[in-house]
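> Input: one structure, supplied below.
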Amino acid sequence: MEETVKKTIDENPVVVYSKTWCSYSMEVKALFKRLGVEPLVIELDELGPQGPQLQKVLERLTGQFTVPNVFIGGKHIGGCTDTVKLHHKGELTGLLSEAVGGQSLQQP
């Protein structure tokens, strides 16, 4: 399962491990939408018994058990607070542009 997670993160420019009911996950997904970025969203609560297992793998890989768990360009960014902080510092769009191959992003 760890290999699957690493492959997913490597093959997709923006990955958000999320839960459908989590307000922090919703905030991050809304931010990416405003920026014109379509992340690969994996809803852990829709995966049945695999969800909690995947969450444990993510914790092992990142040290973070909570969602959202955000990866950009193969790098672990963190959760909602970390992602929003990067956005407020003006660093998120640069990371996203680099990850999605220089595609221009919308400024909210």
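Going through the structure tokens in order, the chains are called A, B, and so on, while each chain numbers its residues from 1 and the ligands are numbered from 1 in the order shown.
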Env of A:Thr4: 12 Å cut, atoms = only C-alpha atoms, seq-sep filter 6 positions within chain, self excluded. Answer as a PDB file with N, CA, C and O atoms, in the first residue's frame.

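The resulting file, around.pdb, is reproduced below:
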```pdb
ATOM      1  N   ASP A  10       3.814  10.529  -6.970  1.00  0.00           N
ATOM      2  CA  ASP A  10       4.784  10.789  -8.038  1.00  0.00           C
ATOM      3  C   ASP A  10       4.121  11.079  -9.380  1.00  0.00           C
ATOM      4  O   ASP A  10       4.613  11.871 -10.168  1.00  0.00           O
ATOM      5  N   GLU A  11       2.996  10.409  -9.648  1.00  0.00           N
ATOM      6  CA  GLU A  11       2.377  10.495 -10.973  1.00  0.00           C
ATOM      7  C   GLU A  11       1.349  11.617 -11.113  1.00  0.00           C
ATOM      8  O   GLU A  11       0.869  11.874 -12.208  1.00  0.00           O
ATOM      9  N   LEU A  54      -4.970   3.302   4.730  1.00  0.00           N
ATOM     10  CA  LEU A  54      -4.271   4.307   3.930  1.00  0.00           C
ATOM     11  C   LEU A  54      -3.853   5.490   4.799  1.00  0.00           C
ATOM     12  O   LEU A  54      -2.755   6.026   4.661  1.00  0.00           O
ATOM     13  N   VAL A  57      -0.762   4.598   6.626  1.00  0.00           N
ATOM     14  CA  VAL A  57       0.397   4.644   5.724  1.00  0.00           C
ATOM     15  C   VAL A  57       0.842   6.103   5.552  1.00  0.00           C
ATOM     16  O   VAL A  57       2.033   6.409   5.618  1.00  0.00           O
ATOM     17  N   LEU A  58      -0.116   6.999   5.353  1.00  0.00           N
ATOM     18  CA  LEU A  58       0.201   8.421   5.208  1.00  0.00           C
ATOM     19  C   LEU A  58       0.884   8.958   6.461  1.00  0.00           C
ATOM     20  O   LEU A  58       1.839   9.732   6.375  1.00  0.00           O
TER      21      LEU A  58
END
```
> If we count only C-alpha atoms, what is near A:Gly74 at a cut-off of 10 Å, once residues fewer than 3 positions away on the same chain are taken out, given as a list in words?
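Contacts, with the query itself left out: Lys6, Lys7, Thr8, Ile9, Asp10, Glu11, Asn12, Pro13, Val14, Val15, Val70, Phe71, Ile77 and Ala99 of chain A.
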> Skipping near chain neighbours, those fewer than 5 positions away, what residues fall within 9 Å of stretch 19-29 of chain A using only C-alpha atoms, listed as a JSON list (two decimals) with all heavy atoms, in the first residue's frame?

```
[["chain", "number", "residue", "atom", "x", "y", "z"],
["A", 34, "ARG", "N", -10.51, 27.60, -6.78],
["A", 34, "ARG", "CA", -10.40, 29.05, -7.07],
["A", 34, "ARG", "C", -9.13, 29.36, -7.87],
["A", 34, "ARG", "O", -9.10, 30.28, -8.67],
["A", 34, "ARG", "CB", -10.40, 29.87, -5.78],
["A", 34, "ARG", "CG", -11.75, 30.01, -5.13],
["A", 34, "ARG", "CD", -11.79, 31.11, -4.08],
["A", 34, "ARG", "NE", -10.72, 31.10, -3.11],
["A", 34, "ARG", "CZ", -10.71, 30.41, -1.97],
["A", 34, "ARG", "NH1", -11.74, 29.64, -1.67],
["A", 34, "ARG", "NH2", -9.69, 30.50, -1.14],
["A", 38, "GLU", "N", -6.91, 21.31, -10.57],
["A", 38, "GLU", "CA", -7.72, 20.11, -10.34],
["A", 38, "GLU", "C", -6.84, 19.06, -9.67],
["A", 38, "GLU", "O", -6.16, 18.30, -10.36],
["A", 38, "GLU", "CB", -8.21, 19.55, -11.68],
["A", 38, "GLU", "CG", -9.15, 20.45, -12.43],
["A", 38, "GLU", "CD", -10.60, 20.12, -12.17],
["A", 38, "GLU", "OE1", -10.89, 18.99, -11.73],
["A", 38, "GLU", "OE2", -11.43, 21.00, -12.41],
["A", 39, "PRO", "N", -6.85, 19.01, -8.34],
["A", 39, "PRO", "CA", -6.02, 17.99, -7.70],
["A", 39, "PRO", "C", -6.66, 16.61, -7.83],
["A", 39, "PRO", "O", -7.86, 16.50, -8.06],
["A", 39, "PRO", "CB", -6.01, 18.42, -6.22],
["A", 39, "PRO", "CG", -7.29, 19.17, -6.04],
["A", 39, "PRO", "CD", -7.57, 19.82, -7.37],
["A", 41, "VAL", "N", -8.13, 14.00, -5.86],
["A", 41, "VAL", "CA", -8.65, 13.94, -4.50],
["A", 41, "VAL", "C", -9.00, 12.50, -4.16],
["A", 41, "VAL", "O", -9.74, 11.85, -4.90],
["A", 41, "VAL", "CB", -9.91, 14.84, -4.35],
["A", 41, "VAL", "CG1", -10.49, 14.72, -2.94],
["A", 41, "VAL", "CG2", -9.56, 16.30, -4.65],
["A", 42, "ILE", "N", -8.44, 12.01, -3.07],
["A", 42, "ILE", "CA", -8.73, 10.66, -2.62],
["A", 42, "ILE", "C", -9.48, 10.79, -1.30],
["A", 42, "ILE", "O", -8.92, 11.25, -0.30],
["A", 42, "ILE", "CB", -7.43, 9.84, -2.47],
["A", 42, "ILE", "CG1", -6.78, 9.72, -3.85],
["A", 42, "ILE", "CG2", -7.72, 8.46, -1.88],
["A", 42, "ILE", "CD1", -5.35, 9.33, -3.85],
["A", 43, "GLU", "N", -10.76, 10.44, -1.35],
["A", 43, "GLU", "CA", -11.63, 10.56, -0.17],
["A", 43, "GLU", "C", -11.50, 9.28, 0.67],
["A", 43, "GLU", "O", -12.04, 8.24, 0.33],
["A", 43, "GLU", "CB", -13.09, 10.77, -0.60],
["A", 43, "GLU", "CG", -13.33, 12.02, -1.45],
["A", 43, "GLU", "CD", -13.19, 13.34, -0.69],
["A", 43, "GLU", "OE1", -12.84, 13.33, 0.51],
["A", 43, "GLU", "OE2", -13.44, 14.39, -1.30],
["A", 44, "LEU", "N", -10.76, 9.38, 1.77],
["A", 44, "LEU", "CA", -10.47, 8.21, 2.60],
["A", 44, "LEU", "C", -11.74, 7.58, 3.17],
["A", 44, "LEU", "O", -11.79, 6.37, 3.36],
["A", 44, "LEU", "CB", -9.51, 8.59, 3.73],
["A", 44, "LEU", "CG", -8.12, 9.06, 3.29],
["A", 44, "LEU", "CD1", -7.31, 9.52, 4.49],
["A", 44, "LEU", "CD2", -7.39, 7.96, 2.54],
["A", 45, "ASP", "N", -12.76, 8.40, 3.44],
["A", 45, "ASP", "CA", -13.98, 7.86, 4.04],
["A", 45, "ASP", "C", -14.86, 7.13, 3.03],
["A", 45, "ASP", "O", -15.87, 6.53, 3.39],
["A", 45, "ASP", "CB", -14.78, 8.95, 4.76],
["A", 45, "ASP", "CG", -15.18, 10.10, 3.86],
["A", 45, "ASP", "OD1", -14.41, 10.43, 2.93],
["A", 45, "ASP", "OD2", -16.25, 10.70, 4.07],
["A", 46, "GLU", "N", -14.48, 7.14, 1.76],
["A", 46, "GLU", "CA", -15.25, 6.42, 0.74],
["A", 46, "GLU", "C", -14.55, 5.13, 0.30],
["A", 46, "GLU", "O", -14.98, 4.48, -0.62],
["A", 46, "GLU", "CB", -15.48, 7.33, -0.48],
["A", 46, "GLU", "CG", -16.39, 8.50, -0.18],
["A", 46, "GLU", "CD", -16.64, 9.37, -1.39],
["A", 46, "GLU", "OE1", -15.86, 9.31, -2.37],
["A", 46, "GLU", "OE2", -17.62, 10.14, -1.35],
["A", 67, "VAL", "N", -6.41, 14.86, 8.03],
["A", 67, "VAL", "CA", -6.69, 15.27, 6.65],
["A", 67, "VAL", "C", -7.11, 16.74, 6.69],
["A", 67, "VAL", "O", -7.56, 17.21, 7.73],
["A", 67, "VAL", "CB", -7.82, 14.42, 6.00],
["A", 67, "VAL", "CG1", -7.36, 13.00, 5.80],
["A", 67, "VAL", "CG2", -9.11, 14.46, 6.78],
["A", 68, "PRO", "N", -6.93, 17.46, 5.59],
["A", 68, "PRO", "CA", -6.36, 16.98, 4.34],
["A", 68, "PRO", "C", -4.85, 16.78, 4.48],
["A", 68, "PRO", "O", -4.19, 17.42, 5.27],
["A", 68, "PRO", "CB", -6.67, 18.12, 3.37],
["A", 68, "PRO", "CG", -6.67, 19.35, 4.23],
["A", 68, "PRO", "CD", -7.25, 18.90, 5.54],
["A", 69, "ASN", "N", -4.37, 15.88, 3.65],
["A", 69, "ASN", "CA", -2.94, 15.62, 3.57],
["A", 69, "ASN", "C", -2.57, 15.97, 2.13],
["A", 69, "ASN", "O", -2.98, 15.28, 1.20],
["A", 69, "ASN", "CB", -2.66, 14.15, 3.91],
["A", 69, "ASN", "CG", -1.31, 13.95, 4.55],
["A", 69, "ASN", "OD1", -0.36, 14.64, 4.19],
["A", 69, "ASN", "ND2", -1.21, 13.00, 5.46],
["A", 70, "VAL", "N", -1.85, 17.07, 1.95],
["A", 70, "VAL", "CA", -1.64, 17.67, 0.63],
["A", 70, "VAL", "C", -0.22, 17.42, 0.12],
["A", 70, "VAL", "O", 0.75, 17.61, 0.85],
["A", 70, "VAL", "CB", -1.91, 19.20, 0.68],
["A", 70, "VAL", "CG1", -1.72, 19.84, -0.68],
["A", 70, "VAL", "CG2", -3.31, 19.47, 1.22],
["A", 79, "GLY", "N", -1.16, 20.06, 5.91],
["A", 79, "GLY", "CA", -2.63, 20.08, 5.96],
["A", 79, "GLY", "C", -3.18, 21.40, 5.49],
["A", 79, "GLY", "O", -2.52, 22.16, 4.77],
["A", 80, "CYS", "N", -4.38, 21.70, 5.94],
["A", 80, "CYS", "CA", -5.09, 22.91, 5.53],
["A", 80, "CYS", "C", -4.32, 24.17, 5.95],
["A", 80, "CYS", "O", -4.07, 25.05, 5.14],
["A", 80, "CYS", "CB", -6.49, 22.91, 6.15],
["A", 80, "CYS", "SG", -7.45, 24.37, 5.77],
["A", 81, "THR", "N", -3.92, 24.24, 7.22],
["A", 81, "THR", "CA", -3.23, 25.42, 7.73],
["A", 81, "THR", "C", -1.95, 25.69, 6.94],
["A", 81, "THR", "O", -1.69, 26.83, 6.55],
["A", 81, "THR", "CB", -2.91, 25.25, 9.23],
["A", 81, "THR", "OG1", -4.13, 24.95, 9.92],
["A", 81, "THR", "CG2", -2.29, 26.49, 9.83],
["A", 83, "THR", "N", -1.20, 24.71, 3.88],
["A", 83, "THR", "CA", -1.52, 25.07, 2.49],
["A", 83, "THR", "C", -1.98, 26.52, 2.41],
["A", 83, "THR", "O", -1.53, 27.29, 1.55],
["A", 83, "THR", "CB", -2.59, 24.12, 1.93],
["A", 83, "THR", "OG1", -2.15, 22.76, 2.12],
["A", 83, "THR", "CG2", -2.83, 24.36, 0.45],
["A", 84, "VAL", "N", -2.87, 26.92, 3.34],
["A", 84, "VAL", "CA", -3.38, 28.29, 3.35],
["A", 84, "VAL", "C", -2.26, 29.28, 3.67],
["A", 84, "VAL", "O", -2.18, 30.35, 3.06],
["A", 84, "VAL", "CB", -4.57, 28.42, 4.34],
["A", 84, "VAL", "CG1", -4.96, 29.87, 4.57],
["A", 84, "VAL", "CG2", -5.77, 27.62, 3.84]]
```
> Mind giving me the straight-line distance from atom CA of A:Leu96 to atom CA of A:Ile72 in Å, one decimal?
6.7 Å
> Using DSSP on the backbone coordinates, identify all residues within chain A classified as strand (DSSP E); present the result as a list in words.
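Result set for chain A (strand (DSSP E)): Val14, Val15, Val16, Tyr17, Ser18, Leu40, Val41, Ile42, Glu43, Asn69, Val70, Phe71, Ile72, Lys75, His76, Ile77 and Gly78 of chain A.
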> Nearest to A:Met1: which of A:Leu61, A:Leu86, A:Leu35, A:Val100 is it, counting only C-alpha atoms?
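Checking each of A:Leu61, A:Leu86, A:Leu35, A:Val100 against A:Met1, counting only C-alpha atoms, the winner is A:Leu61.
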> Just checking: using only C-alpha atoms, which residue out of A:Gly101, A:Leu40, A:Leu92, A:Gly73 ends up closest to A:Ser18?
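So, comparing all the options, the nearest one is A:Leu40.
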> Select from chain A everything DSSP, run on the backbone, classes as alpha helix (DSSP H), then give the selection as a PyMOL selection string.
chain A and resi 2-11+23-34+50-62+80-88+92-99
> Could the residues in this selection be saved with N, CA and C atoms as a compact mmCIF listing (two decimals), in the first residue's frame?

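Saved to out.txt:
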```txt
# COMPACT_ATOMS: atom_id res chain seq x y z
N GLU A 2 2.02 1.19 0.68
CA GLU A 2 2.93 2.33 0.72
C GLU A 2 3.43 2.66 -0.69
N GLU A 3 3.72 1.62 -1.47
CA GLU A 3 4.18 1.82 -2.86
C GLU A 3 3.09 2.51 -3.69
N THR A 4 1.84 2.12 -3.46
CA THR A 4 0.71 2.72 -4.19
C THR A 4 0.63 4.21 -3.89
N VAL A 5 0.77 4.57 -2.62
CA VAL A 5 0.72 5.98 -2.22
C VAL A 5 1.87 6.74 -2.89
N LYS A 6 3.08 6.20 -2.83
CA LYS A 6 4.23 6.87 -3.43
C LYS A 6 4.05 7.05 -4.93
N LYS A 7 3.52 6.01 -5.59
CA LYS A 7 3.27 6.07 -7.04
C LYS A 7 2.23 7.15 -7.36
N THR A 8 1.16 7.19 -6.57
CA THR A 8 0.10 8.19 -6.76
C THR A 8 0.66 9.60 -6.64
N ILE A 9 1.49 9.81 -5.61
CA ILE A 9 2.08 11.13 -5.36
C ILE A 9 3.05 11.51 -6.48
N ASP A 10 3.81 10.53 -6.97
CA ASP A 10 4.78 10.79 -8.04
C ASP A 10 4.12 11.08 -9.38
N GLU A 11 3.00 10.41 -9.65
CA GLU A 11 2.38 10.50 -10.97
C GLU A 11 1.35 11.62 -11.11
N SER A 23 -14.28 19.79 7.16
CA SER A 23 -14.34 21.20 6.72
C SER A 23 -12.96 21.70 6.26
N TYR A 24 -11.89 21.20 6.86
CA TYR A 24 -10.54 21.61 6.44
C TYR A 24 -10.24 21.09 5.03
N SER A 25 -10.66 19.86 4.78
CA SER A 25 -10.49 19.29 3.43
C SER A 25 -11.27 20.11 2.42
N MET A 26 -12.51 20.48 2.78
CA MET A 26 -13.34 21.28 1.88
C MET A 26 -12.68 22.62 1.58
N GLU A 27 -12.06 23.22 2.59
CA GLU A 27 -11.40 24.52 2.41
C GLU A 27 -10.25 24.42 1.41
N VAL A 28 -9.43 23.37 1.55
CA VAL A 28 -8.29 23.19 0.65
C VAL A 28 -8.78 22.92 -0.78
N LYS A 29 -9.81 22.06 -0.92
CA LYS A 29 -10.33 21.76 -2.26
C LYS A 29 -10.91 23.02 -2.90
N ALA A 30 -11.58 23.85 -2.11
CA ALA A 30 -12.16 25.11 -2.62
C ALA A 30 -11.04 26.07 -3.05
N LEU A 31 -9.96 26.13 -2.28
CA LEU A 31 -8.83 26.99 -2.62
C LEU A 31 -8.22 26.57 -3.96
N PHE A 32 -7.99 25.27 -4.13
CA PHE A 32 -7.43 24.79 -5.39
C PHE A 32 -8.37 25.10 -6.55
N LYS A 33 -9.67 24.95 -6.32
CA LYS A 33 -10.65 25.23 -7.37
C LYS A 33 -10.58 26.71 -7.78
N ARG A 34 -10.51 27.60 -6.78
CA ARG A 34 -10.40 29.05 -7.07
C ARG A 34 -9.13 29.36 -7.87
N GLN A 50 -10.18 0.12 3.58
CA GLN A 50 -8.88 0.59 3.08
C GLN A 50 -8.56 2.01 3.54
N GLY A 51 -9.60 2.82 3.80
CA GLY A 51 -9.41 4.22 4.20
C GLY A 51 -8.52 4.38 5.42
N PRO A 52 -8.89 3.74 6.56
CA PRO A 52 -8.06 3.86 7.76
C PRO A 52 -6.65 3.29 7.55
N GLN A 53 -6.53 2.23 6.76
CA GLN A 53 -5.20 1.66 6.48
C GLN A 53 -4.35 2.67 5.72
N LEU A 54 -4.97 3.30 4.73
CA LEU A 54 -4.27 4.31 3.93
C LEU A 54 -3.85 5.49 4.80
N GLN A 55 -4.73 5.86 5.73
CA GLN A 55 -4.42 6.98 6.62
C GLN A 55 -3.21 6.64 7.51
N LYS A 56 -3.10 5.39 7.92
CA LYS A 56 -1.95 4.95 8.73
C LYS A 56 -0.66 4.99 7.89
N VAL A 57 -0.76 4.60 6.63
CA VAL A 57 0.40 4.64 5.72
C VAL A 57 0.84 6.10 5.55
N LEU A 58 -0.12 7.00 5.35
CA LEU A 58 0.20 8.42 5.21
C LEU A 58 0.88 8.96 6.46
N GLU A 59 0.40 8.53 7.62
CA GLU A 59 1.02 8.98 8.87
C GLU A 59 2.47 8.49 8.95
N ARG A 60 2.69 7.24 8.55
CA ARG A 60 4.06 6.70 8.55
C ARG A 60 4.96 7.49 7.61
N LEU A 61 4.43 7.84 6.43
CA LEU A 61 5.24 8.54 5.43
C LEU A 61 5.47 10.02 5.76
N THR A 62 4.48 10.66 6.40
CA THR A 62 4.53 12.12 6.57
C THR A 62 4.59 12.58 8.02
N CYS A 80 -4.38 21.70 5.94
CA CYS A 80 -5.09 22.91 5.53
C CYS A 80 -4.32 24.17 5.95
N THR A 81 -3.92 24.24 7.22
CA THR A 81 -3.23 25.42 7.73
C THR A 81 -1.95 25.69 6.94
N ASP A 82 -1.19 24.62 6.69
CA ASP A 82 0.07 24.77 5.94
C ASP A 82 -0.18 25.27 4.53
N THR A 83 -1.20 24.71 3.88
CA THR A 83 -1.52 25.07 2.49
C THR A 83 -1.98 26.52 2.41
N VAL A 84 -2.87 26.92 3.34
CA VAL A 84 -3.38 28.29 3.35
C VAL A 84 -2.26 29.28 3.67
N LYS A 85 -1.36 28.91 4.59
CA LYS A 85 -0.21 29.77 4.92
C LYS A 85 0.65 30.02 3.69
N LEU A 86 0.92 28.95 2.94
CA LEU A 86 1.71 29.09 1.71
C LEU A 86 1.02 30.04 0.74
N HIS A 87 -0.31 29.92 0.67
CA HIS A 87 -1.08 30.79 -0.23
C HIS A 87 -0.96 32.25 0.21
N HIS A 88 -1.10 32.50 1.50
CA HIS A 88 -1.03 33.89 2.00
C HIS A 88 0.37 34.48 1.83
N LEU A 92 2.25 29.48 -2.79
CA LEU A 92 1.48 28.32 -3.27
C LEU A 92 1.36 28.29 -4.79
N THR A 93 1.05 29.43 -5.40
CA THR A 93 0.87 29.44 -6.86
C THR A 93 2.15 29.05 -7.58
N GLY A 94 3.30 29.45 -7.05
CA GLY A 94 4.58 29.07 -7.66
C GLY A 94 4.79 27.57 -7.61
N LEU A 95 4.52 26.98 -6.45
CA LEU A 95 4.65 25.52 -6.31
C LEU A 95 3.69 24.80 -7.25
N LEU A 96 2.47 25.31 -7.32
CA LEU A 96 1.46 24.68 -8.18
C LEU A 96 1.82 24.81 -9.65
N SER A 97 2.28 25.99 -10.06
CA SER A 97 2.66 26.21 -11.46
C SER A 97 3.77 25.25 -11.86
N GLU A 98 4.76 25.12 -10.98
CA GLU A 98 5.87 24.22 -11.22
C GLU A 98 5.36 22.78 -11.35
N ALA A 99 4.47 22.39 -10.45
CA ALA A 99 3.97 21.01 -10.42
C ALA A 99 3.11 20.68 -11.64
```
